[in-house]
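Next up, coords_22.pdb (PDB, C-alpha atoms and all ligand atoms):
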```pdb
ATOM      1  CA  MET A  18    -140.187-198.062-124.170
ATOM      2  CA  SER A  19    -137.949-195.471-125.755
ATOM      3  CA  LEU A  20    -137.151-196.538-129.293
ATOM      4  CA  PHE A  21    -134.014-195.625-131.191
ATOM      5  CA  HIS A  22    -132.978-196.365-134.767
ATOM      6  CA  PRO A  23    -129.763-195.599-136.659
ATOM      7  CA  VAL A  24    -129.807-192.723-139.148
ATOM      8  CA  ASN A  25    -127.094-191.789-141.609
ATOM      9  CA  LEU A  26    -126.271-188.100-141.730
ATOM     10  CA  VAL A  27    -123.695-185.975-143.463
ATOM     11  CA  CYS A  28    -121.556-183.624-141.389
ATOM     12  CA  PRO A  29    -122.619-180.064-142.247
ATOM     13  CA  ARG A  30    -118.990-178.895-142.023
ATOM     14  CA  CYS A  31    -116.762-181.571-143.609
ATOM     15  CA  GLU A  32    -119.433-183.735-145.269
ATOM     16  CA  ALA A  33    -118.134-186.929-143.641
ATOM     17  CA  PRO A  34    -120.815-189.571-143.080
ATOM     18  CA  VAL A  35    -122.076-189.672-139.493
ATOM     19  CA  THR A  36    -124.324-192.376-138.072
ATOM     20  CA  MET A  37    -126.313-191.619-134.990
ATOM     21  CA  MET A  38    -129.102-193.252-133.049
ATOM     22  CA  ALA A  39    -132.250-191.242-133.611
ATOM     23  CA  VAL A  40    -135.132-191.553-131.237
ATOM     24  CA  GLY A  41    -138.591-192.422-132.569
ATOM     25  CA  SER A  42    -140.315-192.530-129.238
ATOM     26  CA  VAL A  43    -139.471-191.197-125.768
ATOM     27  CA  ASN A  44    -140.971-192.624-122.602
ATOM     28  CA  ALA A  45    -140.088-190.100-119.919
ATOM     29  CA  ASP A  46    -141.565-192.214-117.127
ATOM     30  CA  ARG A  47    -138.942-194.885-117.801
ATOM     31  CA  ARG A  48    -136.192-192.639-119.133
ATOM     32  CA  PRO A  49    -136.301-189.408-117.090
ATOM     33  CA  ASP A  50    -132.741-188.735-118.317
ATOM     34  CA  LEU A  51    -134.105-188.135-121.827
ATOM     35  CA  ARG A  52    -136.523-185.535-120.473
ATOM     36  CA  ASP A  53    -133.582-183.866-118.709
ATOM     37  CA  ASP A  54    -131.636-183.877-121.976
ATOM     38  CA  ILE A  55    -134.476-182.073-123.756
ATOM     39  CA  LEU A  56    -134.712-179.493-120.965
ATOM     40  CA  GLU A  57    -130.917-179.012-121.057
ATOM     41  CA  ASP A  58    -130.914-178.545-124.855
ATOM     42  CA  ARG A  59    -128.597-181.446-125.553
ATOM     43  CA  PHE A  60    -130.911-184.239-126.675
ATOM     44  CA  GLN A  61    -129.959-185.691-130.077
ATOM     45  CA  ASP A  62    -126.771-183.664-130.207
ATOM     46  CA  CYS A  63    -124.177-185.381-132.263
ATOM     47  CA  GLU A  64    -120.488-184.906-132.991
ATOM     48  CA  CYS A  65    -118.617-185.597-136.219
ATOM     49  CA  ASP A  66    -115.737-188.075-135.681
ATOM     50  CA  SER A  67    -113.744-186.550-138.523
ATOM     51  CA  CYS A  68    -113.778-182.821-137.732
ATOM     52  CA  GLY A  69    -115.384-182.545-134.304
ATOM     53  CA  GLU A  70    -118.236-180.350-135.503
ATOM     54  CA  SER A  71    -121.276-180.759-133.318
ATOM     55  CA  PHE A  72    -124.779-180.502-134.669
ATOM     56  CA  ARG A  73    -128.240-181.539-133.692
ATOM     57  CA  LEU A  74    -130.741-183.835-135.296
ATOM     58  CA  GLN A  75    -134.156-182.208-135.548
ATOM     59  CA  PRO A  76    -136.877-183.801-133.386
ATOM     60  CA  GLN A  77    -139.216-186.360-134.893
ATOM     61  CA  PHE A  78    -140.617-188.507-132.127
ATOM     62  CA  ASN A  79    -143.541-189.134-129.842
ATOM     63  CA  TYR A  80    -143.053-188.182-126.236
ATOM     64  CA  LEU A  81    -144.962-189.745-123.371
ATOM     65  CA  ASP A  82    -144.857-188.689-119.728
ATOM     66  CA  ALA A  83    -147.842-190.381-118.092
ATOM     67  CA  GLY A  84    -146.767-189.143-114.648
ATOM     68  CA  ARG A  85    -147.023-185.509-115.724
ATOM     69  CA  GLY A  86    -149.908-186.079-118.126
ATOM     70  CA  GLN A  87    -148.058-185.098-121.297
ATOM     71  CA  TRP A  88    -148.073-186.596-124.767
ATOM     72  CA  ILE A  89    -146.306-184.693-127.523
ATOM     73  CA  ALA A  90    -145.786-185.299-131.211
ATOM     74  CA  ALA A  91    -142.444-183.483-131.618
ATOM     75  CA  MET A  92    -141.775-182.611-135.262
ATOM     76  CA  PRO A  93    -138.873-180.939-137.102
ATOM     77  CA  ALA A  94    -138.907-177.136-137.290
ATOM     78  CA  SER A  95    -139.075-177.293-141.087
ATOM     79  CA  ARG A  96    -142.553-178.858-141.036
ATOM     80  CA  LEU A  97    -144.346-175.975-139.309
ATOM     81  CA  ARG A  98    -146.289-175.057-142.442
ATOM     82  CA  ASP A  99    -147.812-178.560-142.528
ATOM     83  CA  HIS A 100    -149.266-178.164-139.052
ATOM     84  CA  LEU A 101    -152.877-178.977-139.986
ATOM     85  CA  GLU A 102    -151.949-182.187-141.779
ATOM     86  CA  LEU A 103    -149.554-183.232-139.011
ATOM     87  CA  GLU A 104    -152.181-182.451-136.407
ATOM     88  CA  ASP A 105    -154.486-184.948-138.141
ATOM     89  CA  GLU A 106    -151.728-187.553-138.186
ATOM     90  CA  ALA A 107    -150.887-186.955-134.536
ATOM     91  CA  LYS A 108    -154.536-187.243-133.559
ATOM     92  CA  ALA A 109    -154.906-190.536-135.446
ATOM     93  CA  LEU A 110    -151.789-191.862-133.708
ATOM     94  CA  PHE A 111    -152.947-190.707-130.294
ATOM     95  CA  ASP A 112    -156.413-192.191-130.812
ATOM     96  CA  SER A 113    -155.009-195.580-131.757
ATOM     97  CA  SER A 114    -152.478-195.529-128.888
ATOM     98  CA  TYR A 115    -154.482-193.961-126.044
ATOM     99  CA  GLY A 116    -157.847-192.891-127.409
ATOM    100  CA  ALA A 117    -161.094-194.363-128.675
ATOM    101  CA  SER A 118    -159.488-197.188-130.653
ATOM    102  CA  ALA A 119    -156.960-198.233-127.988
ATOM    103  CA  PRO A 120    -157.285-201.063-125.444
ATOM    104  CA  ALA A 121    -159.006-200.179-122.162
ATOM    105  CA  ALA A 122    -155.790-199.992-120.106
ATOM    106  CA  ALA A 123    -154.224-197.570-122.586
ATOM    107  CA  ARG A 124    -157.424-195.508-122.738
ATOM    108  CA  SER A 125    -157.301-195.034-118.998
ATOM    109  CA  VAL A 126    -153.727-193.672-119.297
ATOM    110  CA  GLY A 127    -154.878-191.538-122.220
ATOM    111  CA  SER A 128    -157.678-189.890-120.297
ATOM    112  CA  SER A 129    -155.153-187.992-118.176
ATOM    113  CA  LEU A 130    -152.868-186.984-121.067
ATOM    114  CA  ALA A 131    -152.884-183.579-122.739
ATOM    115  CA  ALA A 132    -151.838-184.127-126.365
ATOM    116  CA  ARG A 133    -149.708-181.522-128.125
ATOM    117  CA  LEU A 134    -147.894-181.021-131.416
ATOM    118  CA  THR A 135    -144.634-179.041-131.560
ATOM    119  CA  PHE A 136    -142.108-177.993-134.213
ATOM    120  CA  GLY A 137    -138.395-177.739-133.470
ATOM    121  CA  TRP A 138    -136.447-178.206-130.231
ATOM    122  CA  PRO A 139    -137.300-174.897-128.493
ATOM    123  CA  ALA A 140    -141.028-175.672-128.758
ATOM    124  CA  VAL A 141    -140.909-179.163-127.290
ATOM    125  CA  ARG A 142    -138.545-177.978-124.568
ATOM    126  CA  GLU A 143    -140.975-175.159-123.768
ATOM    127  CA  LYS A 144    -143.874-177.595-123.319
ATOM    128  CA  LEU A 145    -141.820-179.601-120.795
ATOM    129  CA  LEU A 146    -140.757-176.437-118.983
ATOM    130  CA  VAL A 147    -144.308-175.054-118.818
ATOM    131  CA  LYS A 148    -145.446-178.311-117.229
ATOM    132  CA  GLN A 149    -142.521-178.302-114.814
ATOM    133  CA  LEU A 150    -143.393-174.757-113.725
ATOM    134  CA  GLY A 151    -147.017-175.765-113.195
ATOM    135  CA  LEU A 152    -148.274-173.322-115.827
ATOM    136  CA  ASP A 153    -151.064-173.602-118.386
ATOM    137  CA  ASP A 154    -149.505-173.633-121.851
ATOM    138  CA  VAL A 155    -152.549-171.892-123.350
ATOM    139  CA  ILE A 156    -152.028-168.929-121.007
ATOM    140  CA  VAL A 157    -148.324-168.853-121.914
ATOM    141  CA  GLU A 158    -149.346-168.499-125.591
ATOM    142  CA  MET A 159    -151.735-165.702-124.587
ATOM    143  CA  MET A 160    -148.846-163.948-122.834
ATOM    144  CA  LYS A 161    -146.966-164.039-126.141
ATOM    145  CA  LEU A 162    -149.918-162.504-127.966
ATOM    146  CA  HIS A 163    -149.973-159.767-125.361
ATOM    147  CA  ILE A 164    -146.201-159.218-125.737
ATOM    148  CA  LEU A 165    -146.557-158.936-129.525
ATOM    149  CA  ARG A 166    -149.169-156.239-129.109
ATOM    150  CA  SER A 167    -147.250-154.381-126.406
ATOM    151  CA  VAL A 168    -143.652-154.066-127.546
ATOM    152  CA  GLU A 169    -142.642-151.523-130.119
ATOM    153  CA  SER A 170    -140.594-153.629-132.459
ATOM    154  CA  VAL A 171    -140.683-157.383-132.723
ATOM    155  CA  PRO A 172    -138.217-159.463-134.713
ATOM    156  CA  MET A 173    -141.070-161.722-135.798
ATOM    157  CA  ALA A 174    -140.489-163.334-139.174
ATOM    158  CA  GLU A 175    -140.636-166.748-140.758
ATOM    159  CA  GLY A 176    -138.365-169.036-138.751
ATOM    160  CA  ILE A 177    -138.194-166.663-135.768
ATOM    161  CA  GLU A 178    -140.286-167.407-132.725
ATOM    162  CA  LEU A 179    -140.922-166.370-129.153
ATOM    163  CA  ARG A 180    -140.437-168.988-126.437
ATOM    164  CA  LEU A 181    -140.608-169.133-122.686
ATOM    165  CA  VAL A 182    -137.113-170.216-121.653
ATOM    166  CA  GLU A 183    -137.035-169.975-117.865
ATOM    167  CA  ALA A 184    -138.662-168.654-114.721
ATOM    168  CA  ASP A 185    -137.008-165.754-112.916
ATOM    169  CA  ASP A 186    -138.180-166.261-109.347
ATOM    170  CA  GLU A 187    -136.211-163.321-108.010
ATOM    171  CA  ALA A 188    -137.941-160.925-110.383
ATOM    172  CA  ASP A 189    -141.271-162.796-110.094
ATOM    173  CA  GLY A 190    -141.270-163.114-113.839
ATOM    174  CA  TYR A 191    -140.701-165.318-116.824
ATOM    175  CA  VAL A 192    -137.898-165.012-119.320
ATOM    176  CA  PHE A 193    -138.955-165.177-122.953
ATOM    177  CA  ALA A 194    -136.567-165.267-125.882
ATOM    178  CA  TRP A 195    -136.778-164.461-129.550
ATOM    179  CA  LEU A 196    -134.905-167.182-131.342
ATOM    180  CA  GLU A 197    -134.287-168.734-134.688
ATOM    181  CA  THR A 198    -136.087-172.055-134.592
ATOM    182  CA  GLY A 199    -133.924-174.166-136.876
ATOM    183  CA  SER A 200    -130.501-173.095-135.583
ATOM    184  CA  GLU A 201    -131.685-172.447-131.995
ATOM    185  CA  GLN A 202    -129.839-169.164-132.121
ATOM    186  CA  TYR A 203    -131.104-166.849-129.384
ATOM    187  CA  LEU A 204    -131.564-163.271-130.537
ATOM    188  CA  GLU A 205    -133.069-161.364-127.640
ATOM    189  CA  TYR A 206    -134.318-162.004-124.107
ATOM    190  CA  MET A 207    -136.929-160.219-122.041
ATOM    191  CA  THR A 208    -138.345-160.762-118.574
ATOM    192  CA  ILE A 209    -142.117-160.502-118.367
ATOM    193  CA  PRO A 210    -143.736-159.984-114.949
ATOM    194  CA  ALA A 211    -145.644-163.004-113.653
ATOM    195  CA  GLU A 212    -148.426-160.517-113.008
ATOM    196  CA  LEU A 213    -149.303-160.777-116.716
ATOM    197  CA  TYR A 214    -149.851-164.525-116.353
ATOM    198  CA  ARG A 215    -152.079-163.966-113.326
ATOM    199  CA  ALA A 216    -154.033-161.206-115.036
ATOM    200  CA  ILE A 217    -154.833-163.424-118.024
ATOM    201  CA  GLN A 218    -155.661-166.311-115.720
ATOM    202  CA  GLY A 219    -158.045-164.056-113.801
ATOM    203  CA  ASN A 220    -159.914-162.996-116.927
ATOM    204  CA  PRO A 221    -161.092-166.206-118.606
ATOM    205  CA  GLU A 222    -164.097-164.489-120.219
ATOM    206  CA  GLY A 223    -162.001-161.829-121.883
ATOM    207  CA  TRP A 224    -159.646-164.440-123.305
ATOM    208  CA  GLY A 225    -162.302-167.046-124.063
ATOM    209  CA  ALA A 226    -162.363-166.599-127.835
ATOM    210  CA  ILE A 227    -158.564-166.754-128.086
ATOM    211  CA  ARG A 228    -158.476-169.818-125.856
ATOM    212  CA  ALA A 229    -160.967-171.584-128.115
ATOM    213  CA  ARG A 230    -158.765-170.926-131.146
ATOM    214  CA  LEU A 231    -155.551-171.993-129.423
ATOM    215  CA  GLU A 232    -157.114-175.179-128.068
ATOM    216  CA  ASN A 233    -158.662-176.153-131.385
ATOM    217  CA  GLY A 234    -156.259-178.997-132.142
ATOM    218  CA  TYR A 235    -152.989-180.345-130.718
ATOM    219  CA  PHE A 236    -150.885-177.469-132.047
ATOM    220  CA  VAL A 237    -151.286-175.089-129.110
ATOM    221  CA  ASP A 238    -149.069-172.290-130.363
ATOM    222  CA  MET A 239    -149.904-168.659-131.090
ATOM    223  CA  GLN A 240    -148.051-168.954-134.412
ATOM    224  CA  LYS A 241    -151.041-170.753-135.870
ATOM    225  CA  LEU A 242    -153.134-167.595-135.513
ATOM    226  CA  TYR A 243    -150.817-165.967-138.044
ATOM    227  CA  MET A 244    -150.661-168.785-140.547
ATOM    228  CA  GLY A 245    -153.398-168.877-143.166
ATOM    229  CA  GLU A 246    -157.024-169.686-142.500
ATOM    230  CA  GLY A 247    -156.277-172.252-139.826
ATOM    231  CA  ARG A 248    -158.702-174.930-138.802
ATOM    232  CA  GLN A 249    -162.423-174.185-138.840
ATOM    233  CA  ALA A 250    -164.007-174.158-135.423
ATOM    234  CA  GLY A 251    -166.314-177.020-134.741
TER
HETATM  235 ZN    ZN K 301    -117.235-183.177-139.885
END
```
Written as structure tokens, how would this file's structure read?
Ligand SMILES: [Zn+2]
Amino acid sequence: MSLFHPVNLVCPRCEAPVTMMAVGSVNADRRPDLRDDILEDRFQDCECDSCGESFRLQPQFNYLDAGRGQWIAAMPASRLRDHLELEDEAKALFDSSYGASAPAAARSVGSSLAARLTFGWPAVREKLLVKQLGLDDVIVEMMKLHILRSVESVPMAEGIELRLVEADDEADGYVFAWLETGSEQYLEYMTIPAELYRAIQGNPEGWGAIRARLENGYFVDMQKLYMGEGRQAG
């Protein structure tokens, strides 16, 4: 089931009250249209009746796509700094829904799900896109690490992130964008040759230590390598 509940918001432009149906849980197997909405950057968009301003409710839901083997705890961009705590919460929720403490039927669904934690719309959209393109999201994060080391100036700062936004089949590459997470304002695009993906894929030993760090927990995002001590291996 996909579960919605009403939330009361205030229009950021005219301050009129706006009520919208916020999603708490998305089942993409039953509601493929909601998955499309996320990929098209229009999910949870909302318009003020008084002034026509459109704005977007930040994500805060669980996403299930059993067919594609994805489970995502999608959190608001503003909660990025709490990633360790939210990872624990997401793991407890996953375990009770599809893991060790779930009924047998749910556990069998759970065994084919990769669980992830994301912050903000561009991140959850990216996880759906990566799956659609048949890519490994860990390698996509490694590509970003490589990009950071390779380009001369990066607009990296708090609230700015690098996301895969589309494949460019003609150029045999992938388009990445620097963007502002909260406002989803795109700052800069670059096309990275798919050869980089294949090179990383072909060198699992060289990237083994980085892979272990990225896969340590549901938050598979290179940003965590830059934020504090992180989670201890083990
Ligand atoms: Zn308004």
Could you please give me, as a PyMOL selection string, the residues of protein, DNA or RNA lying at most 9 Å from (-144.2, -158.5, -120.2) in the coordinate frame of the file, considering all atoms listed in the file?
chain A and resi 160-161+163-164+167-168+190-191+193+207-213
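Here atom CA of A:Arg228 is placed at a distance of 20.1 Å from atom CA of A:Leu146.
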Identify, on the basis of all atoms listed in the file, every residue whose closest approach to A:Thr36 does not exceed 6 Å; exclude the query and any residue fewer than 4 positions from it along the same chain; express the result as a PDB file with C-alpha atoms, keeping the file's coordinate frame.
```
ATOM      1  CA  VAL A  24    -129.807-192.723-139.148  1.00  0.00           C
ATOM      2  CA  ASN A  25    -127.094-191.789-141.609  1.00  0.00           C
ATOM      3  CA  LEU A  26    -126.271-188.100-141.730  1.00  0.00           C
TER       4      LEU A  26
END
```
As a check of understanding, name the residues that the PyMOL selection byres (((chain A and resi 150-154) around 12) and not hetatm) selects in the supplied structure, as a VMD selection string.
chain A and resid 85 to 87 131 to 133 140 to 141 143 to 149 155 to 161 180 to 186 190 to 191 211 214 to 215 217 to 218 228 231 to 232 235 to 239
Protein and nucleic residues near ligand ZN 301 (chain K), 10 Å, all atoms listed in the file, as an mmCIF file with C-alpha atoms, keeping the file's coordinate frame:
```cif
data_model
loop_
_atom_site.group_PDB
_atom_site.id
_atom_site.type_symbol
_atom_site.label_atom_id
_atom_site.label_comp_id
_atom_site.auth_asym_id
_atom_site.auth_seq_id
_atom_site.Cartn_x
_atom_site.Cartn_y
_atom_site.Cartn_z
ATOM 1 C CA VAL A 27 -123.695 -185.975 -143.463
ATOM 2 C CA CYS A 28 -121.556 -183.624 -141.389
ATOM 3 C CA PRO A 29 -122.619 -180.064 -142.247
ATOM 4 C CA ARG A 30 -118.990 -178.895 -142.023
ATOM 5 C CA CYS A 31 -116.762 -181.571 -143.609
ATOM 6 C CA GLU A 32 -119.433 -183.735 -145.269
ATOM 7 C CA ALA A 33 -118.134 -186.929 -143.641
ATOM 8 C CA PRO A 34 -120.815 -189.571 -143.080
ATOM 9 C CA VAL A 35 -122.076 -189.672 -139.493
ATOM 10 C CA GLU A 64 -120.488 -184.906 -132.991
ATOM 11 C CA CYS A 65 -118.617 -185.597 -136.219
ATOM 12 C CA ASP A 66 -115.737 -188.075 -135.681
ATOM 13 C CA SER A 67 -113.744 -186.550 -138.523
ATOM 14 C CA CYS A 68 -113.778 -182.821 -137.732
ATOM 15 C CA GLY A 69 -115.384 -182.545 -134.304
ATOM 16 C CA GLU A 70 -118.236 -180.350 -135.503
ATOM 17 C CA SER A 71 -121.276 -180.759 -133.318
ATOM 18 C CA PHE A 72 -124.779 -180.502 -134.669
#
```
